[in-house]
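For reference, the structure is listed below as structure tokens.
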Amino acid sequence: MVRASRRSRLQRYRRTLLRFWGTALAAELEYGANALVELLAVLGNLAGSLFVLSLLYGNGRSLGGWSWDAALVVLGLYTLLDGFTSCLLQPNLSKIVGHVQNGTLDFVLLKPIDSQFWLSARQVSPWGLPGVLAGLVLIGVGLANATPPIGWRDPIALLQPLGLGFTLLLCAAAILYSLWFLMAGLSIWFVKVWNATEVLRTTLVAGRYPVSAYPPALRLLFTFVLPVAFLTTVPAEALLGRASTGWVAGSLLAAVLSLIFSRVFWRRALRHYTSASS
Amino acid sequence: MRRSRDRARRSWRIARALLSSQYATMLEYRAEIALWALAGVLPLIMLGVWQGSGAGVAAGLSPQALGRYFLAAFVVRQFTVVWLIHVFEEDALQGKLSPQLLQPLHPLWRYLASHLAEQATRLPFVLVMLALVALWQPGILPMPGPGRLLLAVLAIAAAFALRFILHIILTMACFWTERAAALDRLLLIPYLFLSGLVAPLSTFPPSVRALAEATPFPSMLAFPAALLAGEPVNVAAGFAGIGAWCALLLPIALLLWRTGIRRYAALGA
């Protein structure tokens with residue numbers, strides 16, 4: 001009986017999600033010119049990032065012990081996650097602030113659906129897809145040329161790094177989501193911090209380079225305070241087949257903890273929320 | 001004679017009223033502005049990357065020169081941020097522009113005043129961040145003499161003016177499309193990579209450097225930053241460059257404003 005009701009609830013959320021995204025896509029496609037702008041932005045950013053990377057790597061130098069191709073995988077993962085941000089995180093979570101300011105959060109809370117789910121999944125934007133694609137291409141190019149070469153002829157041996165890399169990428173997405181949700185949710189306390197999420201986006205740029213490229217103090221900061229290391233460096237190491245157990249475990253733990261924390265945080269935030277008029 | 005003096009006095013009164021009221025508004029948003037100041041840490045992150053790589057030394061930059069340059073770039077970036085298109089888009093879409101058009105003052109002055117007020121609000125946060133960096137690596141704080149400092153402040157102000165004019169041109173797209181703010185993302189890209197924000201221009205290959213210097217972007221950042229960092233730099237040529245770009249872009253901006261505002265009136269009717 002309990003199981004049946006849980007399944008029907010899951011189905012209800014799935015159906016709702018499809019409806020949400022259908023309407024959101026229909027609305028976004030009204031602005032077709034944005035596709036061009038986004039495509040140009042992704043290509044321009046990619047060209048610029050590769051140019052800066054080539055400056056850093058000129059004359060056979062390496063960056064923090066990473067080869068050029070390995071660094072391409074890191075850059076690819078960053079581009080991919082940035083695309084994911086434009087697709088899902090930015091369109092949804094940057095609106096929380098507005099809901100708090102205008103008091104429309106009340107309407108969200110009244111809906112017969114989990115409020116965190118609604119706030120995190122109501123919108124979807126197709127304009128992040130060029131970034132996702134470009135990221136996948138970069139990762140592919142980097143992996144194909146990486147030394148030691150990944151054994152393309154032996155698919156079984158290939159499966160392990162790819163599977164682990166994919167799992168860690170999911171962890172990275174979970175951590176990224178929790179960070180965004182946390183920053184956006186803080187607006188319940190500090191109504192005025194719209195754009196806190198923009199700050200997050202600009203500081204996460206650090207993930208374009210492997211974390212070992214930074215001086216030790218920044219490395220600590222990017223691992224424990226702003227977990228950039230788990231977003232790009234750790235999944236890249238797994239994809240390149242040189243993952244270490246400690247980092248993998250740390251990444252899994254960080255993902256689970258950050259998701260739980262975002263949930264607890266939202267519960268507390270709602271208890272603190274007193275609507276716009278009071 | 002008397003009329004021109006009256007006019008000057010009136011302009012002064014308007015400027016003072018605009019600046020003080022905008023400053024009061026910005027103080028209200030100081031938490032947000034602190035966050036914005038924090039969002040400008042990109043040059044510091046890039047400093048970390050460049051210090052860890054041998055590329056700076058290969059281009060003839062000592063670690064200290066690299067640190068000074070990026071710290072100066074951080075300061076220049078903080079005081080040349082322009083967010084005109086985002087507020088203007090909202091104002092144009094929601095019709096908030098209409099009452100402003102009725103006033104006997106060009107609406108752009110109000111936006112300019114709010115940018116200046118935002119910079120004044122930002123100043124203490126930037127100083128705190130600089131102090132923190134100085135604690136971390138005391139050697140890299142730029143210490144220009146008073147003459148240099150004055151020149152650098154002037155260069156930053158000129159760079160801000162140039163960026164503001166360029167953004168007016170971009171912002172006028174708000175009169176033609178509803179989602180013009182997306183264009184800001186596009187303009188940000190050449191600014192990011194060609195201005196010297198993420199890599200000093202001296203590390204560029206000569207051909208790319210020549211290309212970058214043919215655009216207005218290095219005068220917006222690399223020139224004031226080099227001045228502030230105390231590097232040898234051709235001061236006259238730098239200011240002349242900014243002046244030439246302003247002289248070129250300002251008439252275009254004003255022309256676009258005039259055409260755009262006519263369209264806006266047509267939309268409202």
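The way I read the labels, and the way they are meant: chains A, B, ... in the order of the structure tokens, residue 1 as the first residue of every chain, and ligand 1 as the first ligand shown, with later ones counted on from there.
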Could you give me, as CSV, every segment 112-214 of chain A residue with an atom at most 8 Å from segment 222-246 of chain A, plus its closest atom pair and distance in Å to one decimal, counting only C-alpha atoms, rows ordered by chain then number?
```
residue,atom,partner,partner_atom,distance
A:Leu143,CA,A:Leu240,CA,6.8
A:Ala146,CA,A:Leu240,CA,7.6
A:Ile150,CA,A:Leu240,CA,7.5
A:Pro161,CA,A:Leu239,CA,5.0
A:Leu162,CA,A:Leu239,CA,5.5
A:Leu164,CA,A:Ala238,CA,6.1
A:Gly165,CA,A:Leu239,CA,4.8
A:Phe166,CA,A:Pro235,CA,7.5
A:Leu168,CA,A:Pro235,CA,5.2
A:Leu169,CA,A:Pro235,CA,5.8
A:Cys171,CA,A:Leu231,CA,8.0
A:Ala172,CA,A:Leu231,CA,4.6
A:Ala173,CA,A:Leu231,CA,7.5
A:Ile175,CA,A:Leu231,CA,7.6
A:Leu176,CA,A:Leu231,CA,7.4
A:Leu204,CA,A:Val228,CA,6.5
A:Ala206,CA,A:Val228,CA,7.0
A:Gly207,CA,A:Val228,CA,5.4
A:Arg208,CA,A:Thr232,CA,7.6
A:Tyr209,CA,A:Thr233,CA,7.9
A:Pro210,CA,A:Thr233,CA,5.3
A:Val211,CA,A:Ala229,CA,5.7
```
Could you please select, counting only C-alpha atoms, the residues of chain B within 6 Å of chain A and state them as JSON, numbers by chain? {"B": [32, 39, 48, 49, 52, 53, 55, 186, 193]}
Using only N, CA and C atoms, please write the residues we just selected to a file, as a tab-separated table (two decimals), in the first residue's frame.
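part_12.tsv, freshly written:
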```
chain	number	residue	atom	x	y	z
B	32	GLU	N	24.36	43.97	-1.36
B	32	GLU	CA	24.44	43.47	-2.72
B	32	GLU	C	25.70	43.97	-3.41
B	39	ALA	N	32.31	39.59	-6.77
B	39	ALA	CA	32.20	38.93	-8.08
B	39	ALA	C	33.33	39.35	-9.00
B	48	GLY	N	46.46	33.64	-9.49
B	48	GLY	CA	46.84	32.34	-8.95
B	48	GLY	C	47.34	31.41	-10.04
B	49	VAL	N	46.59	31.35	-11.15
B	49	VAL	CA	46.97	30.45	-12.24
B	49	VAL	C	48.31	30.87	-12.84
B	52	GLY	N	51.35	30.09	-10.79
B	52	GLY	CA	51.72	28.68	-10.78
B	52	GLY	C	52.32	28.23	-12.09
B	53	SER	N	52.19	29.03	-13.13
B	53	SER	CA	52.69	28.61	-14.44
B	53	SER	C	53.96	29.39	-14.76
B	55	ALA	N	54.60	30.67	-17.49
B	55	ALA	CA	54.36	31.48	-18.69
B	55	ALA	C	54.69	32.95	-18.47
B	186	LEU	N	27.54	38.89	-24.91
B	186	LEU	CA	28.39	38.88	-26.10
B	186	LEU	C	29.51	39.91	-26.00
B	193	PHE	N	38.72	38.71	-22.93
B	193	PHE	CA	39.94	38.08	-23.43
B	193	PHE	C	40.90	39.06	-24.09
```
List every residue of segment 234-266 of chain A that DSSP, applied to the backbone, labels as helix (DSSP H, G or I), and write the result as an mmCIF file with N, CA and C atoms, in the first residue's frame.
```
data_model
loop_
_atom_site.group_PDB
_atom_site.id
_atom_site.type_symbol
_atom_site.label_atom_id
_atom_site.label_comp_id
_atom_site.auth_asym_id
_atom_site.auth_seq_id
_atom_site.Cartn_x
_atom_site.Cartn_y
_atom_site.Cartn_z
ATOM 1 N N VAL A 234 38.226 16.459 -10.100
ATOM 2 C CA VAL A 234 38.048 15.059 -9.688
ATOM 3 C C VAL A 234 37.384 14.227 -10.798
ATOM 4 N N PRO A 235 36.282 14.702 -11.423
ATOM 5 C CA PRO A 235 35.733 13.917 -12.534
ATOM 6 C C PRO A 235 36.730 13.760 -13.683
ATOM 7 N N ALA A 236 37.537 14.799 -13.940
ATOM 8 C CA ALA A 236 38.512 14.695 -15.032
ATOM 9 C C ALA A 236 39.532 13.617 -14.733
ATOM 10 N N GLU A 237 39.987 13.543 -13.476
ATOM 11 C CA GLU A 237 40.962 12.508 -13.131
ATOM 12 C C GLU A 237 40.365 11.126 -13.326
ATOM 13 N N ALA A 238 39.075 10.973 -12.962
ATOM 14 C CA ALA A 238 38.435 9.671 -13.140
ATOM 15 C C ALA A 238 38.353 9.323 -14.621
ATOM 16 N N LEU A 239 37.982 10.300 -15.460
ATOM 17 C CA LEU A 239 37.871 10.039 -16.893
ATOM 18 C C LEU A 239 39.226 9.651 -17.485
ATOM 19 N N THR A 245 41.145 6.846 -4.614
ATOM 20 C CA THR A 245 39.999 6.458 -3.789
ATOM 21 C C THR A 245 39.573 7.591 -2.873
ATOM 22 N N GLY A 246 40.551 8.281 -2.294
ATOM 23 C CA GLY A 246 40.240 9.348 -1.346
ATOM 24 C C GLY A 246 39.384 10.419 -1.981
ATOM 25 N N TRP A 247 39.778 10.875 -3.183
ATOM 26 C CA TRP A 247 39.046 11.951 -3.836
ATOM 27 C C TRP A 247 37.664 11.495 -4.265
ATOM 28 N N VAL A 248 37.563 10.226 -4.757
ATOM 29 C CA VAL A 248 36.253 9.720 -5.189
ATOM 30 C C VAL A 248 35.315 9.668 -3.997
ATOM 31 N N ALA A 249 35.811 9.104 -2.888
ATOM 32 C CA ALA A 249 34.979 9.011 -1.694
ATOM 33 C C ALA A 249 34.585 10.413 -1.226
ATOM 34 N N GLY A 250 35.553 11.330 -1.260
ATOM 35 C CA GLY A 250 35.268 12.694 -0.838
ATOM 36 C C GLY A 250 34.185 13.329 -1.691
ATOM 37 N N SER A 251 34.256 13.066 -2.986
ATOM 38 C CA SER A 251 33.290 13.650 -3.906
ATOM 39 C C SER A 251 31.885 13.111 -3.644
ATOM 40 N N LEU A 252 31.800 11.759 -3.468
ATOM 41 C CA LEU A 252 30.499 11.149 -3.187
ATOM 42 C C LEU A 252 29.926 11.709 -1.893
ATOM 43 N N LEU A 253 30.786 11.782 -0.878
ATOM 44 C CA LEU A 253 30.351 12.272 0.426
ATOM 45 C C LEU A 253 29.873 13.726 0.303
ATOM 46 N N ALA A 254 30.667 14.527 -0.414
ATOM 47 C CA ALA A 254 30.311 15.945 -0.556
ATOM 48 C C ALA A 254 28.967 16.084 -1.259
ATOM 49 N N ALA A 255 28.725 15.238 -2.269
ATOM 50 C CA ALA A 255 27.469 15.333 -3.009
ATOM 51 C C ALA A 255 26.283 15.006 -2.115
ATOM 52 N N VAL A 256 26.404 13.870 -1.384
ATOM 53 C CA VAL A 256 25.291 13.447 -0.523
ATOM 54 C C VAL A 256 25.037 14.498 0.558
ATOM 55 N N LEU A 257 26.132 14.921 1.199
ATOM 56 C CA LEU A 257 25.972 15.888 2.296
ATOM 57 C C LEU A 257 25.370 17.197 1.791
ATOM 58 N N SER A 258 25.824 17.649 0.611
ATOM 59 C CA SER A 258 25.326 18.947 0.159
ATOM 60 C C SER A 258 23.845 18.865 -0.214
ATOM 61 N N LEU A 259 23.435 17.706 -0.769
ATOM 62 C CA LEU A 259 22.006 17.566 -1.080
ATOM 63 C C LEU A 259 21.175 17.570 0.204
ATOM 64 N N ILE A 260 21.623 16.789 1.197
ATOM 65 C CA ILE A 260 20.896 16.749 2.470
ATOM 66 C C ILE A 260 20.864 18.157 3.082
ATOM 67 N N PHE A 261 22.018 18.828 2.995
ATOM 68 C CA PHE A 261 22.086 20.156 3.588
ATOM 69 C C PHE A 261 21.123 21.118 2.903
ATOM 70 N N SER A 262 21.013 21.025 1.569
ATOM 71 C CA SER A 262 20.103 21.940 0.870
ATOM 72 C C SER A 262 18.666 21.715 1.325
ATOM 73 N N ARG A 263 18.333 20.443 1.601
ATOM 74 C CA ARG A 263 16.980 20.106 2.045
ATOM 75 C C ARG A 263 16.719 20.703 3.446
ATOM 76 N N VAL A 264 17.655 20.428 4.338
ATOM 77 C CA VAL A 264 17.506 20.925 5.716
ATOM 78 C C VAL A 264 17.450 22.446 5.713
ATOM 79 N N PHE A 265 18.330 23.012 4.899
ATOM 80 C CA PHE A 265 18.403 24.464 4.795
ATOM 81 C C PHE A 265 17.063 25.036 4.351
ATOM 82 N N TRP A 266 16.430 24.416 3.367
ATOM 83 C CA TRP A 266 15.175 24.946 2.836
ATOM 84 C C TRP A 266 14.067 24.860 3.883
#
```
Do a neighbour search on Arg122 of chain A at 10 Å with only C-alpha atoms, toss out local chain neighbours closer than 4 positions, and write the hits as a ChimeraX atom specification. /A:16-21,23-24,88,91-93,116-118
Computed interatomic separation between atom CA of Ser86 of chain A and atom CA of Ile113 of chain A (Å):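 Going from atom CA of Ser86 of chain A over to atom CA of Ile113 of chain A, I get 24.2 Å.
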